[in-house]
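Below is work_33.pdb, which holds PDB, C-alpha atoms, pLDDT in the B column.
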```
ATOM      1  CA  MET A   1     139.972 128.598   3.303  1.00 33.00           C
ATOM      2  CA  GLN A   2     137.749 125.518   3.079  1.00 38.00           C
ATOM      3  CA  ASN A   3     138.696 125.026  -0.584  1.00 38.00           C
ATOM      4  CA  ASP A   4     142.373 125.447   0.110  1.00 41.00           C
ATOM      5  CA  CYS A   5     142.733 123.269   3.173  1.00 53.00           C
ATOM      6  CA  VAL A   6     144.348 119.878   2.910  1.00 48.00           C
ATOM      7  CA  VAL A   7     143.251 117.096   5.220  1.00 50.00           C
ATOM      8  CA  LEU A   8     146.448 115.359   6.022  1.00 45.00           C
ATOM      9  CA  HIS A   9     146.160 111.642   5.461  1.00 43.00           C
ATOM     10  CA  LEU A  10     142.842 111.387   7.272  1.00 48.00           C
ATOM     11  CA  LEU A  11     139.578 109.781   6.294  1.00 47.00           C
ATOM     12  CA  ASN A  12     136.396 109.522   8.293  1.00 48.00           C
ATOM     13  CA  ASP A  13     134.787 106.120   8.350  1.00 47.00           C
ATOM     14  CA  LYS A  14     131.134 107.106   8.307  1.00 42.00           C
ATOM     15  CA  ASP A  15     129.965 103.702   9.427  1.00 33.00           C
ATOM     16  CA  THR A  16     132.018 103.518  12.585  1.00 35.00           C
ATOM     17  CA  ASN A  17     132.665 107.242  13.008  1.00 41.00           C
ATOM     18  CA  GLN A  18     136.293 106.497  13.589  1.00 40.00           C
ATOM     19  CA  LEU A  19     139.268 108.232  12.197  1.00 44.00           C
ATOM     20  CA  ILE A  20     141.318 106.162   9.793  1.00 46.00           C
ATOM     21  CA  SER A  21     144.764 107.498   9.195  1.00 48.00           C
ATOM     22  CA  HIS A  22     146.918 106.873   6.225  1.00 40.00           C
ATOM     23  CA  SER A  23     150.103 105.834   7.880  1.00 39.00           C
ATOM     24  CA  HIS A  24     152.540 106.822   5.185  1.00 46.00           C
ATOM     25  CA  ALA A  25     153.869 110.020   6.722  1.00 51.00           C
ATOM     26  CA  THR A  26     152.784 109.410  10.315  1.00 55.00           C
ATOM     27  CA  GLY A  27     154.061 105.834  10.331  1.00 73.00           C
ATOM     28  CA  ALA A  28     157.320 107.024   8.831  1.00 79.00           C
ATOM     29  CA  TRP A  29     157.757 109.523  11.674  1.00 84.00           C
ATOM     30  CA  ALA A  30     157.115 106.906  14.355  1.00 85.00           C
ATOM     31  CA  ALA A  31     159.398 104.425  12.598  1.00 88.00           C
ATOM     32  CA  ARG A  32     162.120 107.068  12.296  1.00 89.00           C
ATOM     33  CA  MET A  33     161.877 107.863  15.984  1.00 89.00           C
ATOM     34  CA  ILE A  34     162.070 104.216  16.964  1.00 91.00           C
ATOM     35  CA  ARG A  35     165.030 103.753  14.638  1.00 93.00           C
ATOM     36  CA  SER A  36     166.911 106.711  16.076  1.00 94.00           C
ATOM     37  CA  THR A  37     166.146 105.602  19.651  1.00 94.00           C
ATOM     38  CA  VAL A  38     167.433 102.102  18.959  1.00 96.00           C
ATOM     39  CA  GLY A  39     170.443 103.592  17.191  1.00 96.00           C
ATOM     40  CA  LEU A  40     171.223 105.789  20.188  1.00 97.00           C
ATOM     41  CA  ALA A  41     170.905 102.812  22.523  1.00 97.00           C
ATOM     42  CA  ALA A  42     173.262 100.804  20.315  1.00 97.00           C
ATOM     43  CA  TRP A  43     175.888 103.551  20.145  1.00 98.00           C
ATOM     44  CA  THR A  44     175.637 104.075  23.918  1.00 97.00           C
ATOM     45  CA  ALA A  45     176.085 100.364  24.574  1.00 97.00           C
ATOM     46  CA  ALA A  46     179.080 100.317  22.227  1.00 98.00           C
ATOM     47  CA  TRP A  47     180.612 103.284  24.019  1.00 97.00           C
ATOM     48  CA  VAL A  48     180.182 101.603  27.405  1.00 96.00           C
ATOM     49  CA  ALA A  49     181.679  98.389  26.022  1.00 97.00           C
ATOM     50  CA  THR A  50     184.733 100.178  24.584  1.00 97.00           C
ATOM     51  CA  LEU A  51     185.070 102.094  27.845  1.00 96.00           C
ATOM     52  CA  ALA A  52     185.151  98.811  29.745  1.00 95.00           C
ATOM     53  CA  LEU A  53     187.766  97.490  27.310  1.00 95.00           C
ATOM     54  CA  ALA A  54     189.939 100.594  27.715  1.00 95.00           C
ATOM     55  CA  THR A  55     189.540 100.469  31.504  1.00 93.00           C
ATOM     56  CA  PHE A  56     190.145  96.806  32.199  1.00 93.00           C
ATOM     57  CA  GLY A  57     192.035  95.733  29.084  1.00 92.00           C
ATOM     58  CA  PRO A  58     195.467  96.990  30.155  1.00 91.00           C
ATOM     59  CA  GLY A  59     195.333  95.008  33.371  1.00 89.00           C
ATOM     60  CA  ALA A  60     193.470  91.925  32.237  1.00 89.00           C
ATOM     61  CA  LEU A  61     194.264  91.446  28.536  1.00 89.00           C
ATOM     62  CA  TRP A  62     197.490  93.059  27.285  1.00 88.00           C
ATOM     63  CA  LYS A  63     199.418  93.593  30.495  1.00 86.00           C
ATOM     64  CA  ASP A  64     199.733  97.391  30.370  1.00 78.00           C
ATOM     65  CA  ALA A  65     201.219  97.462  26.856  1.00 88.00           C
ATOM     66  CA  THR A  66     201.108 101.038  25.560  1.00 91.00           C
ATOM     67  CA  THR A  67     199.974 100.571  21.955  1.00 93.00           C
ATOM     68  CA  PRO A  68     196.849  98.477  22.647  1.00 93.00           C
ATOM     69  CA  THR A  69     195.917 100.841  25.460  1.00 93.00           C
ATOM     70  CA  LEU A  70     196.201 103.861  23.179  1.00 94.00           C
ATOM     71  CA  LEU A  71     194.199 102.060  20.500  1.00 95.00           C
ATOM     72  CA  ALA A  72     191.482 101.091  22.964  1.00 95.00           C
ATOM     73  CA  ILE A  73     191.174 104.678  24.212  1.00 96.00           C
ATOM     74  CA  GLY A  74     191.142 105.971  20.634  1.00 97.00           C
ATOM     75  CA  VAL A  75     188.370 103.566  19.669  1.00 97.00           C
ATOM     76  CA  ASN A  76     186.406 104.621  22.750  1.00 97.00           C
ATOM     77  CA  VAL A  77     186.687 108.267  21.724  1.00 98.00           C
ATOM     78  CA  LEU A  78     185.583 107.521  18.151  1.00 98.00           C
ATOM     79  CA  VAL A  79     182.615 105.500  19.345  1.00 98.00           C
ATOM     80  CA  GLY A  80     181.824 108.336  21.754  1.00 97.00           C
ATOM     81  CA  VAL A  81     181.717 110.782  18.869  1.00 98.00           C
ATOM     82  CA  GLY A  82     179.387 108.401  17.046  1.00 97.00           C
ATOM     83  CA  MET A  83     177.209 108.373  20.148  1.00 97.00           C
ATOM     84  CA  LEU A  84     177.064 112.177  20.121  1.00 97.00           C
ATOM     85  CA  PHE A  85     175.878 112.207  16.512  1.00 97.00           C
ATOM     86  CA  ALA A  86     173.328 109.490  17.322  1.00 97.00           C
ATOM     87  CA  ASN A  87     172.072 111.645  20.206  1.00 96.00           C
ATOM     88  CA  LYS A  88     171.714 114.641  17.913  1.00 96.00           C
ATOM     89  CA  ARG A  89     169.794 112.556  15.345  1.00 95.00           C
ATOM     90  CA  HIS A  90     167.537 111.292  18.110  1.00 96.00           C
ATOM     91  CA  LEU A  91     166.863 114.831  19.321  1.00 96.00           C
ATOM     92  CA  LEU A  92     165.923 115.942  15.816  1.00 94.00           C
ATOM     93  CA  ASP A  93     163.489 113.044  15.454  1.00 93.00           C
ATOM     94  CA  LEU A  94     161.619 113.891  18.649  1.00 94.00           C
ATOM     95  CA  ASP A  95     158.590 116.135  18.480  1.00 93.00           C
ATOM     96  CA  GLU A  96     159.022 119.726  19.608  1.00 95.00           C
ATOM     97  CA  LEU A  97     157.789 119.274  23.166  1.00 96.00           C
ATOM     98  CA  GLN A  98     159.863 116.137  23.743  1.00 95.00           C
ATOM     99  CA  ARG A  99     162.892 117.983  22.325  1.00 96.00           C
ATOM    100  CA  ALA A 100     162.286 120.948  24.630  1.00 96.00           C
ATOM    101  CA  ILE A 101     162.099 118.647  27.658  1.00 97.00           C
ATOM    102  CA  GLN A 102     165.311 116.865  26.664  1.00 96.00           C
ATOM    103  CA  LEU A 103     167.207 120.100  25.983  1.00 96.00           C
ATOM    104  CA  ASP A 104     166.069 121.556  29.324  1.00 97.00           C
ATOM    105  CA  ALA A 105     167.281 118.453  31.150  1.00 97.00           C
ATOM    106  CA  MET A 106     170.596 118.512  29.273  1.00 97.00           C
ATOM    107  CA  ALA A 107     171.061 122.203  30.073  1.00 97.00           C
ATOM    108  CA  TRP A 108     170.553 121.536  33.777  1.00 97.00           C
ATOM    109  CA  ALA A 109     172.943 118.576  33.660  1.00 97.00           C
ATOM    110  CA  LEU A 110     175.601 120.607  31.876  1.00 97.00           C
ATOM    111  CA  GLY A 111     175.311 123.526  34.265  1.00 97.00           C
ATOM    112  CA  ALA A 112     175.288 121.307  37.328  1.00 96.00           C
ATOM    113  CA  GLY A 113     178.272 119.442  35.949  1.00 95.00           C
ATOM    114  CA  VAL A 114     180.296 122.611  35.509  1.00 95.00           C
ATOM    115  CA  VAL A 115     179.363 124.192  38.827  1.00 95.00           C
ATOM    116  CA  GLY A 116     179.388 120.940  40.794  1.00 92.00           C
ATOM    117  CA  GLY A 117     182.530 119.666  39.129  1.00 91.00           C
ATOM    118  CA  VAL A 118     184.530 122.785  39.905  1.00 92.00           C
ATOM    119  CA  ALA A 119     183.273 122.806  43.504  1.00 91.00           C
ATOM    120  CA  TRP A 120     184.072 119.108  43.880  1.00 88.00           C
ATOM    121  CA  THR A 121     187.595 119.714  42.610  1.00 88.00           C
ATOM    122  CA  LEU A 122     188.095 122.529  45.128  1.00 90.00           C
ATOM    123  CA  TYR A 123     186.847 120.325  47.936  1.00 87.00           C
ATOM    124  CA  ASP A 124     189.384 117.700  46.908  1.00 85.00           C
ATOM    125  CA  ARG A 125     192.218 120.190  46.460  1.00 86.00           C
ATOM    126  CA  HIS A 126     191.761 121.586  49.949  1.00 88.00           C
ATOM    127  CA  GLY A 127     191.448 118.153  51.534  1.00 85.00           C
ATOM    128  CA  LEU A 128     187.849 118.651  52.572  1.00 85.00           C
ATOM    129  CA  VAL A 129     186.714 115.210  51.378  1.00 80.00           C
ATOM    130  CA  GLY A 130     188.021 111.923  52.727  1.00 80.00           C
ATOM    131  CA  PHE A 131     188.589 110.334  49.312  1.00 79.00           C
ATOM    132  CA  ASP A 132     189.889 111.269  45.867  1.00 80.00           C
ATOM    133  CA  ALA A 133     187.502 113.148  43.619  1.00 79.00           C
ATOM    134  CA  ARG A 134     187.004 111.070  40.473  1.00 85.00           C
ATOM    135  CA  ILE A 135     185.488 111.822  37.095  1.00 87.00           C
ATOM    136  CA  SER A 136     182.975 109.031  37.696  1.00 89.00           C
ATOM    137  CA  HIS A 137     181.521 111.047  40.584  1.00 89.00           C
ATOM    138  CA  LEU A 138     180.890 113.929  38.216  1.00 92.00           C
ATOM    139  CA  LEU A 139     179.328 111.670  35.563  1.00 92.00           C
ATOM    140  CA  MET A 140     176.996 110.089  38.085  1.00 94.00           C
ATOM    141  CA  PHE A 141     176.003 113.495  39.442  1.00 94.00           C
ATOM    142  CA  MET A 142     175.266 114.794  35.941  1.00 96.00           C
ATOM    143  CA  ALA A 143     173.267 111.644  35.122  1.00 96.00           C
ATOM    144  CA  VAL A 144     171.130 112.100  38.234  1.00 97.00           C
ATOM    145  CA  VAL A 145     170.518 115.771  37.413  1.00 97.00           C
ATOM    146  CA  TYR A 146     169.631 114.867  33.805  1.00 97.00           C
ATOM    147  CA  LEU A 147     167.155 112.180  34.912  1.00 97.00           C
ATOM    148  CA  ALA A 148     165.600 114.551  37.427  1.00 97.00           C
ATOM    149  CA  GLY A 149     165.262 117.135  34.669  1.00 97.00           C
ATOM    150  CA  CYS A 150     163.528 114.636  32.385  1.00 96.00           C
ATOM    151  CA  VAL A 151     161.102 113.590  35.122  1.00 97.00           C
ATOM    152  CA  ALA A 152     160.380 117.214  36.019  1.00 96.00           C
ATOM    153  CA  GLY A 153     159.754 118.070  32.385  1.00 95.00           C
ATOM    154  CA  LEU A 154     157.422 115.116  31.842  1.00 94.00           C
ATOM    155  CA  ARG A 155     155.456 115.970  34.989  1.00 94.00           C
ATOM    156  CA  ARG A 156     155.241 119.654  34.069  1.00 93.00           C
ATOM    157  CA  TYR A 157     153.548 118.949  30.754  1.00 91.00           C
ATOM    158  CA  ARG A 158     151.475 115.985  31.882  1.00 86.00           C
TER     159      ARG A 158
ATOM    160  CA  MET B 159     156.857 156.875  23.228  1.00 62.00           C
ATOM    161  CA  ARG B 160     157.484 154.160  25.792  1.00 60.00           C
ATOM    162  CA  ARG B 161     155.222 151.133  25.843  1.00 61.00           C
ATOM    163  CA  ARG B 162     154.850 148.861  28.793  1.00 63.00           C
ATOM    164  CA  LEU B 163     155.736 145.249  28.040  1.00 62.00           C
ATOM    165  CA  GLU B 164     152.601 143.131  28.053  1.00 62.00           C
ATOM    166  CA  ALA B 165     152.385 139.464  28.870  1.00 63.00           C
ATOM    167  CA  VAL B 166     150.568 137.403  26.283  1.00 67.00           C
ATOM    168  CA  SER B 167     148.874 134.132  27.064  1.00 75.00           C
ATOM    169  CA  VAL B 168     147.409 131.923  24.384  1.00 83.00           C
ATOM    170  CA  ARG B 169     144.150 129.994  24.568  1.00 88.00           C
ATOM    171  CA  ASN B 170     143.031 127.416  22.054  1.00 91.00           C
ATOM    172  CA  ARG B 171     139.911 125.548  20.984  1.00 93.00           C
ATOM    173  CA  LEU B 172     141.728 122.365  20.149  1.00 94.00           C
ATOM    174  CA  LYS B 173     139.781 120.133  22.511  1.00 94.00           C
ATOM    175  CA  VAL B 174     136.464 121.413  21.192  1.00 94.00           C
ATOM    176  CA  LEU B 175     137.505 121.050  17.574  1.00 94.00           C
ATOM    177  CA  ARG B 176     138.772 117.536  18.206  1.00 94.00           C
ATOM    178  CA  ALA B 177     135.579 116.547  20.009  1.00 93.00           C
ATOM    179  CA  GLU B 178     133.448 117.892  17.147  1.00 92.00           C
ATOM    180  CA  ARG B 179     135.152 115.431  14.856  1.00 91.00           C
ATOM    181  CA  ASP B 180     135.145 112.631  17.402  1.00 93.00           C
ATOM    182  CA  TRP B 181     138.911 112.234  17.262  1.00 93.00           C
ATOM    183  CA  THR B 182     140.987 110.924  20.137  1.00 94.00           C
ATOM    184  CA  GLN B 183     144.178 112.621  21.244  1.00 95.00           C
ATOM    185  CA  ALA B 184     146.086 109.666  19.835  1.00 93.00           C
ATOM    186  CA  ASP B 185     144.408 110.135  16.442  1.00 92.00           C
ATOM    187  CA  LEU B 186     145.300 113.802  16.383  1.00 94.00           C
ATOM    188  CA  ALA B 187     148.848 113.126  17.553  1.00 93.00           C
ATOM    189  CA  GLN B 188     149.360 110.585  14.827  1.00 91.00           C
ATOM    190  CA  ALA B 189     148.063 112.974  12.198  1.00 92.00           C
ATOM    191  CA  LEU B 190     150.328 115.755  13.398  1.00 93.00           C
ATOM    192  CA  GLU B 191     153.370 113.491  13.865  1.00 92.00           C
ATOM    193  CA  VAL B 192     153.719 114.427  17.511  1.00 94.00           C
ATOM    194  CA  SER B 193     153.278 112.508  20.750  1.00 93.00           C
ATOM    195  CA  ARG B 194     149.938 112.290  22.529  1.00 94.00           C
ATOM    196  CA  GLN B 195     151.573 114.122  25.441  1.00 94.00           C
ATOM    197  CA  THR B 196     152.194 117.091  23.151  1.00 96.00           C
ATOM    198  CA  VAL B 197     148.560 117.189  22.047  1.00 96.00           C
ATOM    199  CA  ASN B 198     147.423 117.011  25.662  1.00 96.00           C
ATOM    200  CA  ALA B 199     149.851 119.764  26.702  1.00 96.00           C
ATOM    201  CA  ILE B 200     148.565 122.050  23.931  1.00 96.00           C
ATOM    202  CA  GLU B 201     144.918 121.389  24.815  1.00 95.00           C
ATOM    203  CA  THR B 202     145.467 122.096  28.506  1.00 94.00           C
ATOM    204  CA  GLY B 203     147.382 125.289  27.736  1.00 92.00           C
ATOM    205  CA  LYS B 204     150.619 124.053  29.247  1.00 93.00           C
ATOM    206  CA  TYR B 205     152.465 124.286  25.949  1.00 94.00           C
ATOM    207  CA  ASP B 206     152.137 126.650  22.989  1.00 93.00           C
ATOM    208  CA  PRO B 207     152.967 124.987  19.661  1.00 95.00           C
ATOM    209  CA  SER B 208     155.548 126.302  17.257  1.00 95.00           C
ATOM    210  CA  LEU B 209     154.413 128.126  14.136  1.00 95.00           C
ATOM    211  CA  PRO B 210     154.904 125.127  11.811  1.00 95.00           C
ATOM    212  CA  LEU B 211     152.834 122.956  14.137  1.00 96.00           C
ATOM    213  CA  ALA B 212     150.174 125.654  14.402  1.00 95.00           C
ATOM    214  CA  PHE B 213     149.986 125.785  10.600  1.00 95.00           C
ATOM    215  CA  LYS B 214     149.702 122.006  10.519  1.00 94.00           C
ATOM    216  CA  LEU B 215     146.783 122.195  12.939  1.00 95.00           C
ATOM    217  CA  ALA B 216     145.136 124.875  10.855  1.00 94.00           C
ATOM    218  CA  ARG B 217     145.417 122.781   7.705  1.00 93.00           C
ATOM    219  CA  LEU B 218     144.139 119.706   9.515  1.00 92.00           C
ATOM    220  CA  PHE B 219     141.009 121.452  10.791  1.00 93.00           C
ATOM    221  CA  CYS B 220     140.583 123.591   7.676  1.00 93.00           C
ATOM    222  CA  LEU B 221     140.583 126.723   9.810  1.00 93.00           C
ATOM    223  CA  SER B 222     142.805 129.748  10.188  1.00 94.00           C
ATOM    224  CA  ILE B 223     145.318 129.785  13.028  1.00 93.00           C
ATOM    225  CA  GLU B 224     143.365 132.614  14.665  1.00 93.00           C
ATOM    226  CA  ALA B 225     140.245 130.462  14.660  1.00 93.00           C
ATOM    227  CA  ILE B 226     142.073 127.864  16.729  1.00 94.00           C
ATOM    228  CA  PHE B 227     144.345 130.026  18.916  1.00 93.00           C
ATOM    229  CA  GLN B 228     143.450 133.275  20.652  1.00 89.00           C
ATOM    230  CA  ASP B 229     145.873 135.449  22.511  1.00 83.00           C
ATOM    231  CA  GLU B 230     145.013 137.312  25.666  1.00 75.00           C
ATOM    232  CA  ILE B 231     147.043 140.355  26.541  1.00 70.00           C
ATOM    233  CA  GLU B 232     147.617 140.746  30.272  1.00 61.00           C
ATOM    234  CA  LEU B 233     148.495 144.209  31.472  1.00 59.00           C
TER     235      LEU B 233
END
```

Give the structure from this file in structure tokens form.
Amino acid sequence: MQNDCVVLHLLNDKDTNQLISHSHATGAWAARMIRSTVGLAAWTAAWVATLALATFGPGALWKDATTPTLLAIGVNVLVGVGMLFANKRHLLDLDELQRAIQLDAMAWALGAGVVGGVAWTLYDRHGLVGFDARISHLLMFMAVVYLAGCVAGLRRYR
Amino acid sequence: MRRRLEAVSVRNRLKVLRAERDWTQADLAQALEVSRQTVNAIETGKYDPSLPLAFKLARLFCLSIEAIFQDEIEL
């Protein structure tokens, strides 16, 4: 086994007894993760920006004209799809524990969104809430559940 | 013949092996291309690594996987 083992990019500095790592592979992993995180942030910001355009554009910019509104919504959807792919790339670049924590949090958010969303709709349908149930309520609820899941995961493996 | 399902917990010697080589968790994490949190979670037994990561550890320490990880069967 000793003859067959490969020390991965590591050298021992005998003088200082410190580990010196060749950063080719390890630096590439860290750089890839930073790149995918920045990419995800950029796609998310773009999606929010196009959402704002589709939301406020009809009233503020093109006076409820149909074609620009349809275009703005279409662009928002396309950018949203790009954001989904960026999220998937980011997940693949995380290490296995980080990925497990993220997937757990996403699973909780998805489940809470389905169960909570249906319940919220029923509340609204039967007039049990004093205001209209909106999709933004569901998104905020899912975001809170997702964040709580991330925090719980990080604390569990601390 | 019916066998009772047994719970298996896994212990590891990662902290000892790392200390023998005077490596920090950050050094080991960088070598394995994982976060320091992952190394800490493996050392404290809160997380069992995947097979590819276990093989990576074995290659890094020039040991077999069984020399690093031991399973305990709980009846």

Legend entry - Distance of CA of Phe227 (chain B) from CA of Phe213 (chain B), expressed in Å to one decimal place: 10.9 Å

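Shortest atom-to-atom contact with Ala216 (chain B) among B:Gly203, B:Leu190, B:Arg169, B:Arg179: B:Leu190, counting all atoms listed in the file.
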
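Between CA of Asn87 (chain A) and CA of Thr44 (chain A) lies a distance of 9.2 Å.
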
Inset, instruction - Excluding Leu92 (chain A) and any residue of its chain fewer than 3 positions from it, enumerate the residues within 12 Å of it, using all atoms listed in the file, and give them as a PyMOL selection string. - result: chain A and resi 29+32-33+36-37+85-89+95-100+102-103

Inset, instruction - Specify as a list in words each residue included when the PyMOL selection byres ((chain B) within 8 of (chain A)) is applied to this file. - result: Asp180, Trp181, Asp185, Gln188, Ala189, Leu190, Glu191, Val192, Ser193, Gln195, Thr196, Asn198, Ala199, Lys204, Tyr205, Ser208, Arg217, Leu218, Phe219, Cys220, Leu221 and Ser222 of chain B

Legend entry - Val145 (chain A) environment, 9 Å, only C-alpha atoms, sequence neighbours closer than 4 positions dropped, as a VMD selection string: chain A and resid 105 to 106 108 to 110 112 to 113 140 to 141 149 to 150

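Minimum distance to Arg176 (chain B) across B:Glu230, B:Asp206, B:Glu201, B:Glu224 (counting only C-alpha atoms) occurs at B:Glu201.
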
Would you give the centre and edge lengths, in Å to one decimal, of a box along x, y and z around the listed atoms of region 166-170 of chain B, with 6 Å added to each side, as JSON?
```
{"center_x": 146.8, "center_y": 132.4, "center_z": 24.6, "size_x": 19.5, "size_y": 22.0, "size_z": 17.0}
```
